[in-house]
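> Submitted below is the structure of interest, expressed as structure tokens.
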Amino acid sequence: MFVIGGENLIDFIQEPDTDGPPYYRAVAGGSPYNVAKALALQQVDTGYLTPVSRDTLGDLLVEGLPDKYLTLLATRSELPSSLAVVSLKAGQPEYRFYRENTAERDVTLETLNAALQKKPTGFYIGSLAITDGADADAWETAWITAYKRGVFTVIDPNIRPAFIHDRKGYLARLDRMLEKADLIKLSDEDLAWITPEIPLLEAARQMFDNSNAALLVLTLGSKGAVAFTDTAEIHVNPAPVPDLKDTVGAGDTFMATLIARIMARDLMDNAALRAAKTETIRDILEIAAKAAAINCGRVGCNPPVLSEL
């Protein structure tokens, strides 16, 4: 089982062009939640570590997950669901997040260790879960402990600057985790925030060289992606999207597909992934790009199933 850690929340998104008071549509989301969803749709046995609320919105989150290949590993919490309210101001989205004392932050090192008693195949963490607070400390410790047990570790910072009130502390945590990562995926926006003074590709190579990772993948939006290995820098173009709907969940779908394709190639081991041929890595990236493109042709985070790839 590959386990996923990190937030789940409900996006309340304002619908444009409505008369009278604003109308908000409730959408299940959260980057790690989306990764778990996308991974299970590719028929990977997936365990989701983060508690989900018992409230009505928590039921919506559970209903949004696949019936097959996905297991909720945490007891559902009595605390409420986290919210992200996306309002339109002069036509532009304005975000407000509500995460204090909510279910997805109802984690301790003890509860995580209890869920991880059976050694997983791999462990992914990222986004808001590692931003700050006691829950971030618990996630970091559990993830690094898993690495020391020989679990394949994956991280995607998926940085939300509005949540980071202690930049120095956050970057220190991220550095500690990058040192213990087997696979790193991040976006050009993430990297530009981390090292704004260094050109992107140079910064990515430095991050790879300073980490334990066998592979680092930098996504570049409409410019595709580039992967860094010990011996190569592998560029791939984005897959075409004939009818673009939106880009919600594209990066999470790309991340999940990287994990799924690495597992399918039996490369979920640092040494094995490090020894993979350049063309193998290129093929994995191209399939991940295809998955992201399929998602972009649909509304919201709606990843492809395995047969579509």
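How things are named: the first chain in the structure tokens is A, the next is B, and so on; residues count from 1 in each chain; ligands count from 1 in the order shown.
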Sort by chain and increasing residue number a table of all residues of region 148-237 of chain A within 12 Å of region 18-38 of chain A, each with its closest pair of atoms and their distance in Å to one decimal, counting only C-alpha atoms, and write it as CSV.

residue,atom,partner,partner_atom,distance
A:Val154,CA,A:Pro32,CA,11.6
A:Ile155,CA,A:Pro32,CA,10.3
A:Asp156,CA,A:Pro32,CA,9.1
A:Pro157,CA,A:Ser31,CA,10.1
A:Asn158,CA,A:Ser31,CA,7.9
A:Ile159,CA,A:Ser31,CA,10.4
A:Arg160,CA,A:Ser31,CA,10.9
> For the alpha helix (DSSP H) assignment from backbone DSSP, which residues of region 47-276 of chain A qualify? Please present them as a PyMOL selection string.
chain A and resi 56-63+109-115+133-148+167-178+188-194+200-209+250-264+270-274
> Hey, could you make a per-residue contact list for region 76-120 of chain A against region 9-14 of chain A with 9 Å as the cut-off, showing the nearest pair of atoms and its distance in Å to one decimal, counting only C-alpha atoms, sorted by chain and number, as a Markdown table?

| residue | atom | partner | partner_atom | distance |
| --- | --- | --- | --- | --- |
| A:Ser81 | CA | A:Leu9 | CA | 6.2 |
| A:Ser82 | CA | A:Leu9 | CA | 4.7 |
| A:Leu83 | CA | A:Ile10 | CA | 5.0 |
| A:Ala84 | CA | A:Asp11 | CA | 4.7 |
| A:Val85 | CA | A:Phe12 | CA | 4.7 |
| A:Val86 | CA | A:Ile13 | CA | 4.7 |
| A:Ser87 | CA | A:Gln14 | CA | 5.2 |
| A:Leu88 | CA | A:Gln14 | CA | 6.5 |
| A:Pro93 | CA | A:Gln14 | CA | 8.7 |
| A:Arg99 | CA | A:Leu9 | CA | 8.6 |
| A:Glu104 | CA | A:Leu9 | CA | 7.7 |
> Taking 4 positions as the minimum chain separation for residues in the same chain, which residues sit within 10 Å of region 184-190 of chain A when counting only C-alpha atoms? Answer as a ChimeraX atom specification.
/A:124,126,153-161,178,194-196,200-201,204,207-208,211-221,225,227-228,251,254-255,258
> Considering only C-alpha atoms, can you say which of A:Pro16, A:Gly58, A:Pro304, A:Gly133 comes closest to Phe163 (chain A)?
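Among the listed residues, A:Gly133 lies closest to Phe163 (chain A).
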> Point out the residue among A:Pro238, A:Lys277, A:Ser127, A:Ala260 with the least atom-to-atom distance to Leu306 (chain A), counting only C-alpha atoms.
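So, comparing all the options, the nearest one is A:Ala260.
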> Enter the distance from CA of Leu72 (chain A) to CA of Asp135 (chain A), in Å, rounded to one decimal.
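Distance reported for this atom pair: 18.2 Å.
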> When you count only C-alpha atoms, which of these residues is closest to Thr131 (chain A): A:Val107, A:Ile164, A:Leu267, A:Ala292?
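Between A:Val107, A:Ile164, A:Leu267, A:Ala292, the residue approaching Thr131 (chain A) most closely is A:Ile164.
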> Would you list the contacts of Asp106 (chain A) as a list in words, taking every protein, DNA or RNA residue within 7 Å and counting only C-alpha atoms, but skipping same-chain residues closer than 3 positions in sequence?
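That gives Pro51, Thr102 and Ala103 of chain A.
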> Would you kindly return, as number ranges by chain, each protein, DNA or RNA residue with an atom no farther than 9 Å from any atom of Trp143 (chain A), considering only C-alpha atoms and excluding same-chain residues fewer than 4 positions away?
A: 5, 123-125, 138-139, 147-148, 151, 153, 177, 180
> Taking N, CA and C atoms for each residue, export the selection above as a PDB file, in the first residue's frame.

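Below is the file that was written, again_31.pdb:
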ATOM      1  N   GLY A   5      -0.312  11.454   2.851  1.00  0.00           N
ATOM      2  CA  GLY A   5      -0.602  12.309   3.991  1.00  0.00           C
ATOM      3  C   GLY A   5      -0.774  13.748   3.552  1.00  0.00           C
ATOM      4  N   PHE A 123       5.458   6.635   0.842  1.00  0.00           N
ATOM      5  CA  PHE A 123       4.797   7.629   1.693  1.00  0.00           C
ATOM      6  C   PHE A 123       4.969   8.993   1.038  1.00  0.00           C
ATOM      7  N   TYR A 124       3.830   9.594   0.665  1.00  0.00           N
ATOM      8  CA  TYR A 124       3.816  10.935   0.076  1.00  0.00           C
ATOM      9  C   TYR A 124       3.304  11.935   1.100  1.00  0.00           C
ATOM     10  N   ILE A 125       3.907  13.132   1.111  1.00  0.00           N
ATOM     11  CA  ILE A 125       3.431  14.232   1.948  1.00  0.00           C
ATOM     12  C   ILE A 125       3.676  15.535   1.193  1.00  0.00           C
ATOM     13  N   ALA A 138       4.358  16.629  13.479  1.00  0.00           N
ATOM     14  CA  ALA A 138       4.033  15.202  13.503  1.00  0.00           C
ATOM     15  C   ALA A 138       4.211  14.573  12.124  1.00  0.00           C
ATOM     16  N   TRP A 139       3.730  15.270  11.090  1.00  0.00           N
ATOM     17  CA  TRP A 139       3.893  14.746   9.734  1.00  0.00           C
ATOM     18  C   TRP A 139       5.368  14.603   9.372  1.00  0.00           C
ATOM     19  N   TYR A 147      11.133   6.938   6.254  1.00  0.00           N
ATOM     20  CA  TYR A 147      12.337   6.897   5.416  1.00  0.00           C
ATOM     21  C   TYR A 147      13.425   6.025   6.072  1.00  0.00           C
ATOM     22  N   LYS A 148      13.606   6.191   7.365  1.00  0.00           N
ATOM     23  CA  LYS A 148      14.629   5.422   8.077  1.00  0.00           C
ATOM     24  C   LYS A 148      14.286   3.934   8.117  1.00  0.00           C
ATOM     25  N   VAL A 151      11.167   3.011   3.741  1.00  0.00           N
ATOM     26  CA  VAL A 151      10.002   3.343   2.915  1.00  0.00           C
ATOM     27  C   VAL A 151      10.412   4.359   1.852  1.00  0.00           C
ATOM     28  N   THR A 153      10.132   7.550  -0.076  1.00  0.00           N
ATOM     29  CA  THR A 153       9.525   8.805   0.368  1.00  0.00           C
ATOM     30  C   THR A 153       9.390   9.794  -0.785  1.00  0.00           C
ATOM     31  N   MET A 177      13.421  17.699   5.204  1.00  0.00           N
ATOM     32  CA  MET A 177      12.654  16.666   4.512  1.00  0.00           C
ATOM     33  C   MET A 177      13.243  16.342   3.144  1.00  0.00           C
ATOM     34  N   LYS A 180      15.762  13.691   3.043  1.00  0.00           N
ATOM     35  CA  LYS A 180      15.299  12.308   3.245  1.00  0.00           C
ATOM     36  C   LYS A 180      14.314  11.883   2.155  1.00  0.00           C
TER      37      LYS A 180
END
> In Å to one decimal, how far is CA of Val305 (chain A) from CA of Gly122 (chain A)?
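It comes out at 20.6 Å.
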> Mind checking DSSP for region 125-278 of chain A and telling me the strand (DSSP E) residues as a list in words?
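Filtering region 125-278 of chain A down to strand (DSSP E) leaves Ile125, Gly126, Phe152, Thr153, Val154, Ile155, Asp156, Leu183, Ile184, Lys185, Leu186, Ser187, Leu215, Leu216, Val217, Leu218, Thr219, Ala225, Val226, Ala227, Phe228, Glu233, Ile234, His235 and Val236 of chain A.
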> Residues at most 8 Å from Ala74 (chain A), counting only C-alpha atoms, excluding those fewer than 2 positions away in the same chain, as a list in words?
Tyr48, Leu49, Thr50, Pro51, Val52, Leu72, Arg76, Thr111 and Ala115 of chain A
> Write out as a list in words the residues lying within 9 Å of Ala289 (chain A), counting only C-alpha atoms and excluding same-chain residues fewer than 5 positions away.
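Near neighbours after the sequence-gap exclusion: Gly224, Ala225, Val236, Asn237, Pro238, Ala239, Ala250, Thr253, Phe254, Thr257, Ile284 and Ile294 of chain A.
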> Please save all heavy atoms of the selected residues as a compact mmCIF listing (two decimals), in the first residue's frame.

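Result file is out-v5.txt:
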# COMPACT_ATOMS: atom_id res chain seq x y z
N GLY A 224 5.76 22.46 -20.05
CA GLY A 224 6.05 21.06 -19.83
C GLY A 224 6.69 20.79 -18.48
O GLY A 224 6.30 21.35 -17.47
N ALA A 225 7.71 19.95 -18.48
CA ALA A 225 8.39 19.57 -17.24
C ALA A 225 9.82 19.18 -17.55
O ALA A 225 10.17 18.88 -18.70
CB ALA A 225 7.66 18.40 -16.56
N VAL A 236 10.44 17.41 -21.22
CA VAL A 236 9.30 16.90 -21.98
C VAL A 236 8.31 18.04 -22.21
O VAL A 236 8.16 18.93 -21.37
CB VAL A 236 8.60 15.72 -21.28
CG1 VAL A 236 9.54 14.54 -21.14
CG2 VAL A 236 8.05 16.13 -19.92
N ASN A 237 7.63 18.00 -23.34
CA ASN A 237 6.63 18.99 -23.66
C ASN A 237 5.30 18.64 -22.98
O ASN A 237 5.05 17.47 -22.66
CB ASN A 237 6.42 19.06 -25.17
CG ASN A 237 7.64 19.59 -25.89
OD1 ASN A 237 8.31 20.50 -25.42
ND2 ASN A 237 7.94 19.00 -27.04
N PRO A 238 4.43 19.62 -22.79
CA PRO A 238 3.11 19.30 -22.26
C PRO A 238 2.31 18.53 -23.30
O PRO A 238 2.52 18.69 -24.51
CB PRO A 238 2.48 20.68 -22.00
CG PRO A 238 3.19 21.59 -22.94
CD PRO A 238 4.59 21.07 -23.06
N ALA A 239 1.42 17.67 -22.83
CA ALA A 239 0.52 16.98 -23.76
C ALA A 239 -0.57 17.95 -24.20
O ALA A 239 -0.95 18.85 -23.45
CB ALA A 239 -0.08 15.76 -23.08
N ALA A 250 -4.39 19.56 -11.91
CA ALA A 250 -3.46 19.05 -12.92
C ALA A 250 -2.14 18.61 -12.31
O ALA A 250 -1.61 17.54 -12.62
CB ALA A 250 -3.22 20.11 -14.00
N THR A 253 -2.62 15.41 -10.34
CA THR A 253 -2.73 14.27 -11.24
C THR A 253 -1.37 13.87 -11.80
O THR A 253 -1.04 12.67 -11.89
CB THR A 253 -3.70 14.61 -12.40
OG1 THR A 253 -4.99 14.91 -11.86
CG2 THR A 253 -3.81 13.48 -13.38
N PHE A 254 -0.56 14.87 -12.15
CA PHE A 254 0.81 14.61 -12.62
C PHE A 254 1.59 13.87 -11.53
O PHE A 254 2.28 12.88 -11.80
CB PHE A 254 1.48 15.94 -12.95
CG PHE A 254 2.82 15.83 -13.63
CD1 PHE A 254 2.94 16.01 -14.99
CD2 PHE A 254 3.97 15.55 -12.90
CE1 PHE A 254 4.17 15.90 -15.62
CE2 PHE A 254 5.20 15.46 -13.52
CZ PHE A 254 5.31 15.63 -14.89
N THR A 257 0.48 10.26 -11.07
CA THR A 257 0.88 9.43 -12.20
C THR A 257 2.36 9.11 -12.15
O THR A 257 2.77 7.99 -12.51
CB THR A 257 0.51 10.12 -13.52
OG1 THR A 257 -0.88 10.49 -13.49
CG2 THR A 257 0.75 9.20 -14.71
N ILE A 284 7.97 7.90 -18.45
CA ILE A 284 7.17 8.14 -17.24
C ILE A 284 6.64 9.57 -17.23
O ILE A 284 5.47 9.83 -16.94
CB ILE A 284 8.00 7.84 -15.98
CG1 ILE A 284 8.22 6.33 -15.84
CG2 ILE A 284 7.33 8.40 -14.73
CD1 ILE A 284 9.22 5.95 -14.76
N ILE A 294 -5.42 15.26 -19.70
CA ILE A 294 -6.78 14.71 -19.66
C ILE A 294 -7.59 15.41 -18.56
O ILE A 294 -8.74 15.80 -18.76
CB ILE A 294 -6.74 13.18 -19.44
CG1 ILE A 294 -6.16 12.48 -20.67
CG2 ILE A 294 -8.14 12.65 -19.12
CD1 ILE A 294 -5.91 11.00 -20.46
> By how many Å are CA of Ile130 (chain A) and CA of Tyr170 (chain A) apart?
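Going from CA of Ile130 (chain A) over to CA of Tyr170 (chain A) covers 8.0 Å.
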> Taking only C-alpha atoms into account, which of A:Ile259, A:Arg176, A:Arg282, A:Thr75 comes nearest Asp45 (chain A)?
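Checking each candidate against Asp45 (chain A), we get A:Ile259 as the closest.
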